[in-house]
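For reference, run_6.cif (mmCIF, C-alpha atoms and all ligand atoms):
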data_final
#
loop_
_atom_site.label_atom_id
_atom_site.label_comp_id
_atom_site.auth_asym_id
_atom_site.auth_seq_id
_atom_site.Cartn_x
_atom_site.Cartn_y
_atom_site.Cartn_z
CA MET W 1 -9.10 12.85 -45.80
CA SER W 2 -11.85 10.75 -44.39
CA ASP W 3 -15.44 11.39 -45.40
CA THR W 4 -16.40 11.06 -41.77
CA MET W 5 -14.86 14.44 -41.07
CA ILE W 6 -18.16 16.02 -42.08
CA GLU W 7 -21.37 14.26 -41.17
CA ARG W 8 -23.88 14.13 -43.97
CA GLY W 9 -26.49 16.84 -43.61
CA THR W 10 -24.28 19.19 -41.61
CA VAL W 11 -22.59 22.43 -42.63
CA TRP W 12 -19.11 23.71 -41.85
CA LEU W 13 -18.52 27.45 -42.09
CA VAL W 14 -14.84 27.47 -42.93
CA GLY W 15 -12.39 30.38 -42.90
CA ALA W 16 -10.22 30.04 -46.02
CA GLY W 17 -7.64 32.60 -44.90
CA PRO W 18 -6.40 35.52 -47.01
CA GLY W 19 -5.71 33.60 -50.23
CA ASP W 20 -2.38 31.81 -49.96
CA PRO W 21 -3.23 28.12 -49.48
CA ASP W 22 -0.26 27.77 -47.15
CA LEU W 23 -2.18 29.99 -44.75
CA LEU W 24 -5.11 27.60 -44.52
CA THR W 25 -5.46 25.69 -41.31
CA ARG W 26 -4.87 21.95 -41.62
CA LYS W 27 -8.42 21.48 -40.45
CA ALA W 28 -9.80 23.71 -43.21
CA GLU W 29 -7.89 21.70 -45.77
CA LYS W 30 -9.26 18.42 -44.43
CA LEU W 31 -12.79 19.81 -44.43
CA ILE W 32 -12.44 21.02 -48.03
CA GLN W 33 -11.28 17.55 -49.00
CA ALA W 34 -14.20 15.87 -47.26
CA ALA W 35 -16.91 18.09 -48.78
CA THR W 36 -19.41 16.97 -51.39
CA VAL W 37 -20.42 20.56 -52.07
CA ILE W 38 -18.56 23.81 -51.46
CA PHE W 39 -20.23 27.23 -51.58
CA TYR W 40 -17.48 29.82 -51.83
CA ASP W 41 -17.07 33.57 -51.69
CA ALA W 42 -15.30 35.60 -54.33
CA LEU W 43 -12.38 36.30 -52.01
CA VAL W 44 -11.50 32.63 -51.62
CA GLY W 45 -8.21 32.08 -53.44
CA LYS W 46 -8.11 29.92 -56.58
CA ASP W 47 -5.33 27.82 -55.15
CA VAL W 48 -7.48 27.09 -52.12
CA LEU W 49 -10.36 25.89 -54.32
CA ALA W 50 -7.93 23.70 -56.21
CA LEU W 51 -7.69 21.54 -53.07
CA ALA W 52 -11.31 20.43 -53.46
CA PRO W 53 -11.86 16.84 -54.54
CA ARG W 54 -12.74 16.43 -58.21
CA GLN W 55 -16.17 15.01 -57.47
CA ALA W 56 -17.17 17.92 -55.19
CA ARG W 57 -19.59 20.51 -56.52
CA LEU W 58 -18.09 24.02 -56.39
CA VAL W 59 -20.66 26.78 -56.24
CA PRO W 60 -19.62 30.47 -56.40
CA VAL W 61 -21.90 32.68 -54.33
CA GLY W 62 -19.74 35.77 -53.88
CA LYS W 63 -20.03 39.32 -55.05
CA ARG W 64 -16.97 39.30 -57.26
CA SER W 65 -17.66 35.94 -58.86
CA GLY W 66 -18.33 37.64 -62.20
CA ARG W 67 -21.98 36.67 -62.13
CA HIS W 68 -24.80 38.42 -60.45
CA SER W 69 -24.07 38.15 -56.76
CA LYS W 70 -26.47 36.08 -54.70
CA ASP W 71 -28.23 37.84 -51.90
CA GLN W 72 -27.81 36.50 -48.41
CA ARG W 73 -31.21 34.87 -48.33
CA SER W 74 -30.51 32.85 -51.49
CA ILE W 75 -27.19 31.74 -50.03
CA ASN W 76 -28.95 30.62 -46.85
CA GLU W 77 -31.45 28.66 -48.93
CA LEU W 78 -28.72 26.94 -50.92
CA LEU W 79 -26.99 25.85 -47.72
CA VAL W 80 -30.22 24.56 -46.23
CA GLU W 81 -31.17 22.67 -49.39
CA ALA W 82 -27.78 21.02 -49.70
CA ALA W 83 -27.77 19.96 -46.05
CA LEU W 84 -31.32 18.60 -46.24
CA ALA W 85 -30.30 16.66 -49.37
CA GLY W 86 -27.64 14.91 -47.26
CA ASP W 87 -24.59 16.65 -48.64
CA ARG W 88 -21.42 17.25 -46.64
CA VAL W 89 -21.47 21.00 -46.94
CA VAL W 90 -18.57 23.42 -46.71
CA ARG W 91 -19.28 27.13 -46.79
CA LEU W 92 -15.90 28.70 -47.58
CA LYS W 93 -15.35 32.31 -46.64
CA GLY W 94 -12.31 34.54 -47.07
CA GLY W 95 -10.20 35.13 -43.97
CA ASP W 96 -11.95 34.17 -40.76
CA ALA W 97 -15.57 33.08 -41.06
CA GLY W 98 -16.50 35.05 -37.97
CA ILE W 99 -15.11 38.44 -39.04
CA PHE W 100 -17.35 40.41 -41.38
CA GLY W 101 -18.44 37.09 -42.83
CA ARG W 102 -22.18 37.05 -42.11
CA ALA W 103 -21.74 33.71 -40.37
CA THR W 104 -24.49 34.44 -37.87
CA GLU W 105 -27.11 34.91 -40.57
CA GLU W 106 -26.20 31.58 -42.12
CA ALA W 107 -26.03 29.81 -38.77
CA GLU W 108 -29.47 31.10 -37.82
CA ALA W 109 -30.98 29.92 -41.10
CA LEU W 110 -29.45 26.47 -40.60
CA VAL W 111 -30.60 26.17 -37.00
CA ALA W 112 -34.11 27.23 -38.02
CA HIS W 113 -34.19 24.12 -40.20
CA GLY W 114 -32.75 21.86 -37.55
CA ILE W 115 -29.40 21.62 -39.34
CA ARG W 116 -26.21 21.39 -37.33
CA TYR W 117 -23.36 23.75 -38.17
CA TYR W 118 -19.75 24.11 -37.10
CA ILE W 119 -17.17 26.85 -37.58
CA CYS W 120 -13.52 26.43 -38.55
CA PRO W 121 -11.47 29.60 -37.93
CA GLY W 122 -9.16 31.16 -40.49
CA ILE W 123 -6.44 33.79 -40.68
CA THR W 124 -8.12 37.15 -41.04
CA ALA W 125 -6.94 39.78 -43.55
CA ALA W 126 -5.54 42.10 -40.88
CA SER W 127 -3.29 39.38 -39.46
CA ALA W 128 -2.06 38.37 -42.89
CA ALA W 129 -1.48 41.98 -43.88
CA ALA W 130 0.47 42.82 -40.73
CA ALA W 131 2.58 39.70 -41.14
CA SER W 132 3.44 40.53 -44.76
CA ALA W 133 4.43 44.04 -43.75
CA GLY W 134 6.57 42.76 -40.89
CA VAL W 135 4.68 44.66 -38.22
CA SER W 136 2.82 43.70 -35.07
CA LEU W 137 -0.76 44.84 -34.52
CA THR W 138 -0.17 45.48 -30.84
CA VAL W 139 2.94 46.93 -29.22
CA ARG W 140 3.52 46.94 -25.51
CA GLY W 141 2.77 50.37 -24.10
CA LEU W 142 1.96 51.85 -27.50
CA ALA W 143 -1.05 49.99 -28.83
CA ARG W 144 -3.07 48.13 -26.24
CA LYS W 145 -6.14 47.75 -28.27
CA LEU W 146 -6.93 46.32 -31.68
CA VAL W 147 -10.17 47.33 -33.30
CA PHE W 148 -11.65 45.50 -36.28
CA VAL W 149 -13.88 47.91 -38.16
CA THR W 150 -15.84 47.68 -41.34
CA ALA W 151 -16.14 50.92 -43.25
CA HIS W 152 -18.75 49.55 -45.57
CA ALA W 153 -21.84 51.74 -45.70
CA ARG W 154 -25.14 50.72 -47.26
CA ALA W 155 -25.75 52.36 -50.62
CA GLY W 156 -26.79 55.96 -50.13
CA GLU W 157 -26.14 55.90 -46.39
CA GLU W 158 -23.44 57.71 -44.46
CA LEU W 159 -20.79 55.74 -42.67
CA ASP W 160 -22.09 55.38 -39.14
CA LEU W 161 -19.04 54.90 -36.90
CA ASP W 162 -18.15 56.23 -33.47
CA TRP W 163 -15.20 58.36 -34.60
CA ASP W 164 -14.41 59.65 -31.11
CA ALA W 165 -13.97 56.10 -29.85
CA LEU W 166 -11.93 55.12 -32.90
CA ALA W 167 -9.55 58.08 -32.65
CA ASP W 168 -7.63 56.45 -29.80
CA PRO W 169 -3.87 57.05 -30.09
CA LYS W 170 -3.25 53.81 -28.19
CA ALA W 171 -5.27 51.65 -30.56
CA THR W 172 -4.57 49.96 -33.85
CA LEU W 173 -7.44 50.15 -36.29
CA ALA W 174 -7.83 47.38 -38.83
CA ILE W 175 -10.28 48.73 -41.34
CA TYR W 176 -11.97 46.31 -43.72
CA MET W 177 -13.85 47.34 -46.85
CA GLY W 178 -12.50 50.85 -46.39
CA LYS W 179 -11.26 51.84 -49.83
CA ALA W 180 -14.32 53.81 -50.89
CA ALA W 181 -14.43 55.58 -47.54
CA ALA W 182 -10.72 56.49 -47.34
CA ALA W 183 -11.31 60.26 -47.49
CA THR W 184 -14.02 60.13 -44.82
CA ILE W 185 -11.91 57.93 -42.55
CA SER W 186 -8.95 60.29 -42.74
CA ARG W 187 -11.01 63.44 -42.22
CA LYS W 188 -13.16 62.13 -39.38
CA LEU W 189 -10.30 60.54 -37.44
CA ILE W 190 -8.22 63.72 -37.65
CA ARG W 191 -11.20 65.82 -36.65
CA ALA W 192 -11.75 63.50 -33.68
CA GLY W 193 -8.20 64.18 -32.53
CA LEU W 194 -5.94 61.53 -34.05
CA ALA W 195 -2.59 62.99 -35.16
CA SER W 196 -2.36 63.67 -38.88
CA ASP W 197 1.00 61.90 -39.08
CA THR W 198 -0.37 58.66 -37.58
CA PRO W 199 1.17 55.79 -39.56
CA VAL W 200 -1.06 53.96 -42.01
CA LEU W 201 -0.38 50.79 -43.95
CA LEU W 202 -2.49 49.89 -46.94
CA ILE W 203 -2.23 46.30 -47.98
CA GLU W 204 -3.91 44.93 -51.04
CA ASN W 205 -4.21 41.24 -51.89
CA ALA W 206 -2.38 40.26 -48.72
CA SER W 207 -0.62 36.89 -49.04
CA LEU W 208 -1.23 36.60 -52.79
CA LYS W 209 1.39 37.06 -55.46
CA GLU W 210 -0.37 40.30 -56.49
CA GLU W 211 0.14 41.69 -52.99
CA ARG W 212 1.06 45.36 -52.65
CA GLN W 213 1.91 47.35 -49.56
CA PHE W 214 1.89 51.08 -49.11
CA SER W 215 3.12 52.96 -46.14
CA THR W 216 1.61 56.39 -45.64
CA ARG W 217 0.13 58.68 -42.96
CA LEU W 218 -3.37 59.54 -41.92
CA ASP W 219 -3.62 62.93 -43.64
CA LEU W 220 -2.40 61.39 -46.91
CA LEU W 221 -4.62 58.32 -46.68
CA SER W 222 -7.14 59.36 -49.28
CA ILE W 223 -4.65 60.36 -51.94
CA SER W 224 -2.50 57.30 -51.22
CA ALA W 225 -5.45 54.95 -51.49
CA ARG W 226 -6.49 56.48 -54.79
CA ALA W 227 -2.99 56.47 -56.21
CA ALA W 228 -1.86 53.15 -54.91
CA LEU W 229 -4.70 50.67 -54.72
CA GLY W 230 -6.13 48.67 -57.57
CA ASP W 231 -9.33 46.70 -57.42
CA GLY W 232 -8.16 43.89 -55.17
CA PRO W 233 -9.36 43.60 -51.58
CA ALA W 234 -7.42 45.91 -49.29
CA VAL W 235 -7.13 46.38 -45.58
CA MET W 236 -6.00 49.57 -43.83
CA LEU W 237 -3.98 49.38 -40.66
CA ILE W 238 -3.83 52.63 -38.72
CA GLY W 239 -1.86 53.43 -35.57
CA LYS W 240 1.59 53.83 -34.09
CA ALA W 241 2.07 50.07 -33.94
CA VAL W 242 2.19 49.75 -37.71
CA ARG W 243 5.08 52.14 -38.28
CA LYS W 244 7.44 49.94 -40.21
CA PRO W 245 10.74 49.36 -38.46
CA GLU W 246 12.78 50.52 -41.45
CA ASN W 247 10.89 53.81 -41.45
CA VAL W 248 11.98 54.34 -37.89
CA ARG W 249 15.52 53.07 -37.73
CA GLY W 250 16.57 52.58 -41.32
CA PHE W 251 16.71 48.80 -41.45
CA SER W 252 14.68 46.46 -43.56
CA VAL W 253 12.43 43.70 -42.31
CA ALA W 254 12.67 40.24 -43.75
CA SER W 255 9.24 40.20 -45.35
CA ASP W 256 8.74 40.35 -49.09
CA GLN W 257 9.18 44.00 -50.02
CA ARG W 258 8.99 43.67 -53.79
CA HIS W 259 5.75 45.56 -54.09
CA SER W 260 6.10 47.97 -51.26
CA LEU W 261 6.21 51.68 -51.77
CA ASN W 262 6.46 54.43 -49.25
CA ILE W 263 4.40 57.49 -49.92
N1 LIG O 301 -13.79 37.41 -43.35
C1 LIG O 301 -12.77 38.20 -44.02
C2 LIG O 301 -13.23 39.62 -44.28
C3 LIG O 301 -14.38 39.71 -45.27
S1 LIG O 301 -14.82 41.37 -45.62
C4 LIG O 301 -11.50 38.18 -43.17
O1 LIG O 301 -11.53 37.73 -42.01
O2 LIG O 301 -10.44 38.60 -43.67
C5 LIG O 301 -13.89 41.69 -47.09
C6 LIG O 301 -12.75 42.65 -46.80
O3 LIG O 301 -11.69 41.94 -46.17
C7 LIG O 301 -12.12 43.27 -48.01
O4 LIG O 301 -12.86 44.40 -48.46
C8 LIG O 301 -10.77 43.68 -47.47
O5 LIG O 301 -10.89 44.83 -46.64
C9 LIG O 301 -10.46 42.51 -46.54
N2 LIG O 301 -9.65 41.47 -47.21
C10 LIG O 301 -10.02 40.20 -47.47
N3 LIG O 301 -9.00 39.51 -48.05
C11 LIG O 301 -7.97 40.37 -48.14
C12 LIG O 301 -6.64 40.26 -48.62
N4 LIG O 301 -6.14 39.12 -49.14
N5 LIG O 301 -5.85 41.35 -48.55
C13 LIG O 301 -6.30 42.51 -48.03
N6 LIG O 301 -7.54 42.67 -47.55
C14 LIG O 301 -8.38 41.62 -47.60
#

Would you mind writing the file's structure down as structure tokens?
Amino acid sequence: MSDTMIERGTVWLVGAGPGDPDLLTRKAEKLIQAATVIFYDALVGKDVLALAPRQARLVPVGKRSGRHSKDQRSINELLVEAALAGDRVVRLKGGDAGIFGRATEEAEALVAHGIRYYICPGITAASAAAASAGVSLTVRGLARKLVFVTAHARAGEELDLDWDALADPKATLAIYMGKAAAATISRKLIRAGLASDTPVLLIENASLKEERQFSTRLDLLSISARAALGDGPAVMLIGKAVRKPENVRGFSVASDQRHSLNI
């Protein structure tokens, strides 16, 4: 694609989607191909990175990159330096750049240095996970609300969420970074009034060939997460909307069910 897609000295914050390169937007692909340097998170799929031009510099900055993870301030500095040096900069983030992606912190650092930035959206993990499982995140009359929640707590701190607001039987909860907090999530939501048999889907490595899906219920969430999930990224979908059709009426959806297991 043309080099003119990214002006020199500007930065694109690009959502790389859940991992499968076929789930990239066409725009994201063009931007990747026009970059001279790409700073990428650990959750960006290998096959997505393979689309980068050979002469582009690929710089891992994510937590799971196998090296010491860079703190946010160092990442901001790297972006600023590259832009000031006249690079065409792509900052590749898993899923959508604007969902639990710290895009604002990076944008603020860029703007503080007079650098222009743009955002290219991506398919977020919850959308990819629901699609793989063959379910819809909203259902007319049943789930009128979709809540994106992060269950990541700072080291040593308790998870600070408004459980009463989350325990809405007409909502679907899409919980990111929730594996470590599975027991707390289950206990607090039930205590706040959500039915213990509320359907839960756990989806690990959505859209990748290592994908696994588990169908369970709220009171079994903790044990299911421990038994079923490995160390890949996983999203939890909670609510009546995510009851899989075959669990209700005994037919199978057309999505890939190779790795699915009902607990
Ligand atoms: N910006 C990303 C989210 C980053 S936070 C997005 O929009 O998807 C990281 C969390 O996202 C992980 O802990 C996990 O909860 C979720 N996640 C990212 N990729 C995933 C995938 N392929 N499958 C399942 N969950 C994923």

Got a sec to check which residues lie within 7 Å of ligand LIG 301 (chain O), using only C-alpha atoms and all ligand atoms, and send them as a VMD selection string?
chain W and resid 17 to 19 43 93 to 101 123 to 126 129 175 to 178 203 to 208 233 to 235

Identify the residues around (-19.8, 24.9, -51.6) within a radius of 7 Å, measuring from all atoms listed in the file in the coordinates stated by the file, and give them as a short mmCIF file (atom, residue, chain, number, x, y, z; two decimals) with C-alpha atoms, in the coordinates of the input.
data_model
loop_
_atom_site.label_atom_id
_atom_site.label_comp_id
_atom_site.auth_asym_id
_atom_site.auth_seq_id
_atom_site.Cartn_x
_atom_site.Cartn_y
_atom_site.Cartn_z
CA VAL W 37 -20.42 20.56 -52.07
CA ILE W 38 -18.56 23.81 -51.46
CA PHE W 39 -20.23 27.23 -51.58
CA TYR W 40 -17.48 29.82 -51.83
CA ARG W 57 -19.59 20.51 -56.52
CA LEU W 58 -18.09 24.02 -56.39
CA VAL W 59 -20.66 26.78 -56.24
CA VAL W 89 -21.47 21.00 -46.94
CA VAL W 90 -18.57 23.42 -46.71
CA ARG W 91 -19.28 27.13 -46.79
CA LEU W 92 -15.90 28.70 -47.58
#

For W:Gly9: contacts at 9 Å, all atoms listed in the file, fewer than 2 positions along chain excluded, given as a ChimeraX atom specification
/W:6-7,11,80,82-89,115-116

Would you compute the distance between atom CA of W:Leu110 and atom CA of W:Glu81? Give it in Å to one decimal.
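So the answer is 9.7 Å.
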
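Put simply, atom CA of W:Thr104 is 14.9 Å away from atom CA of W:Asp71.
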
Contacts of stretch 164-166 of chain W within 12 Å, all atoms listed in the file, excl. fewer than 4 positions in-chain, as a PyMOL selection string:
chain W and resi 145-151+160+170-175+185-186+188-194+238-239

For a test of reading the model, state the distance in Å between atom CA of W:Met5 and atom CA of W:Ala35, rounded to one decimal.
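Pair atom CA of W:Met5 / atom CA of W:Ala35 returns 8.8 Å.
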
What's the 9 Å shell around W:Arg73, counting all atoms listed in the file, without same-chain residues fewer than 3 positions away, as a list in words?
Lys70, Asn76, Glu77, Leu78, Glu105, Glu106 and Ala109 of chain W

W:Thr198, W:Thr25, W:Gln72, W:Gln33: which is nearest W:Cys120, counting all atoms listed in the file?
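Ranking W:Thr198, W:Thr25, W:Gln72, W:Gln33 by distance to W:Cys120, first place goes to W:Thr25.
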
Tell me which of W:Ala130, W:Ala155, W:Ala107, W:Val48 sits closest to W:Phe214, counting all atoms listed in the file.
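Between W:Ala130, W:Ala155, W:Ala107, W:Val48, the residue approaching W:Phe214 most closely is W:Ala130.
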
Polymer residues at most 8 Å from W:Val200, only C-alpha atoms, same-chain spacing of 4 or more positions, as a PDB file with C-alpha atoms, in the frame of the given file:
ATOM      1  CA  SER W 215       3.120  52.960 -46.140  1.00  0.00           C
ATOM      2  CA  THR W 216       1.610  56.390 -45.640  1.00  0.00           C
ATOM      3  CA  ARG W 217       0.130  58.680 -42.960  1.00  0.00           C
ATOM      4  CA  LEU W 218      -3.370  59.540 -41.920  1.00  0.00           C
ATOM      5  CA  LEU W 221      -4.620  58.320 -46.680  1.00  0.00           C
ATOM      6  CA  MET W 236      -6.000  49.570 -43.830  1.00  0.00           C
ATOM      7  CA  LEU W 237      -3.980  49.380 -40.660  1.00  0.00           C
ATOM      8  CA  ILE W 238      -3.830  52.630 -38.720  1.00  0.00           C
ATOM      9  CA  GLY W 239      -1.860  53.430 -35.570  1.00  0.00           C
ATOM     10  CA  VAL W 242       2.190  49.750 -37.710  1.00  0.00           C
ATOM     11  CA  ARG W 243       5.080  52.140 -38.280  1.00  0.00           C
TER      12      ARG W 243
END

Take every atom of stretch 122-130 of chain W listed in the file, fit an axis-aligned box around them, add 4 Å per side, and give the centre and edge lengths in Å to one decimal as JSON.
{"center_x": -4.3, "center_y": 37.0, "center_z": -41.7, "size_x": 17.6, "size_y": 19.7, "size_z": 12.4}
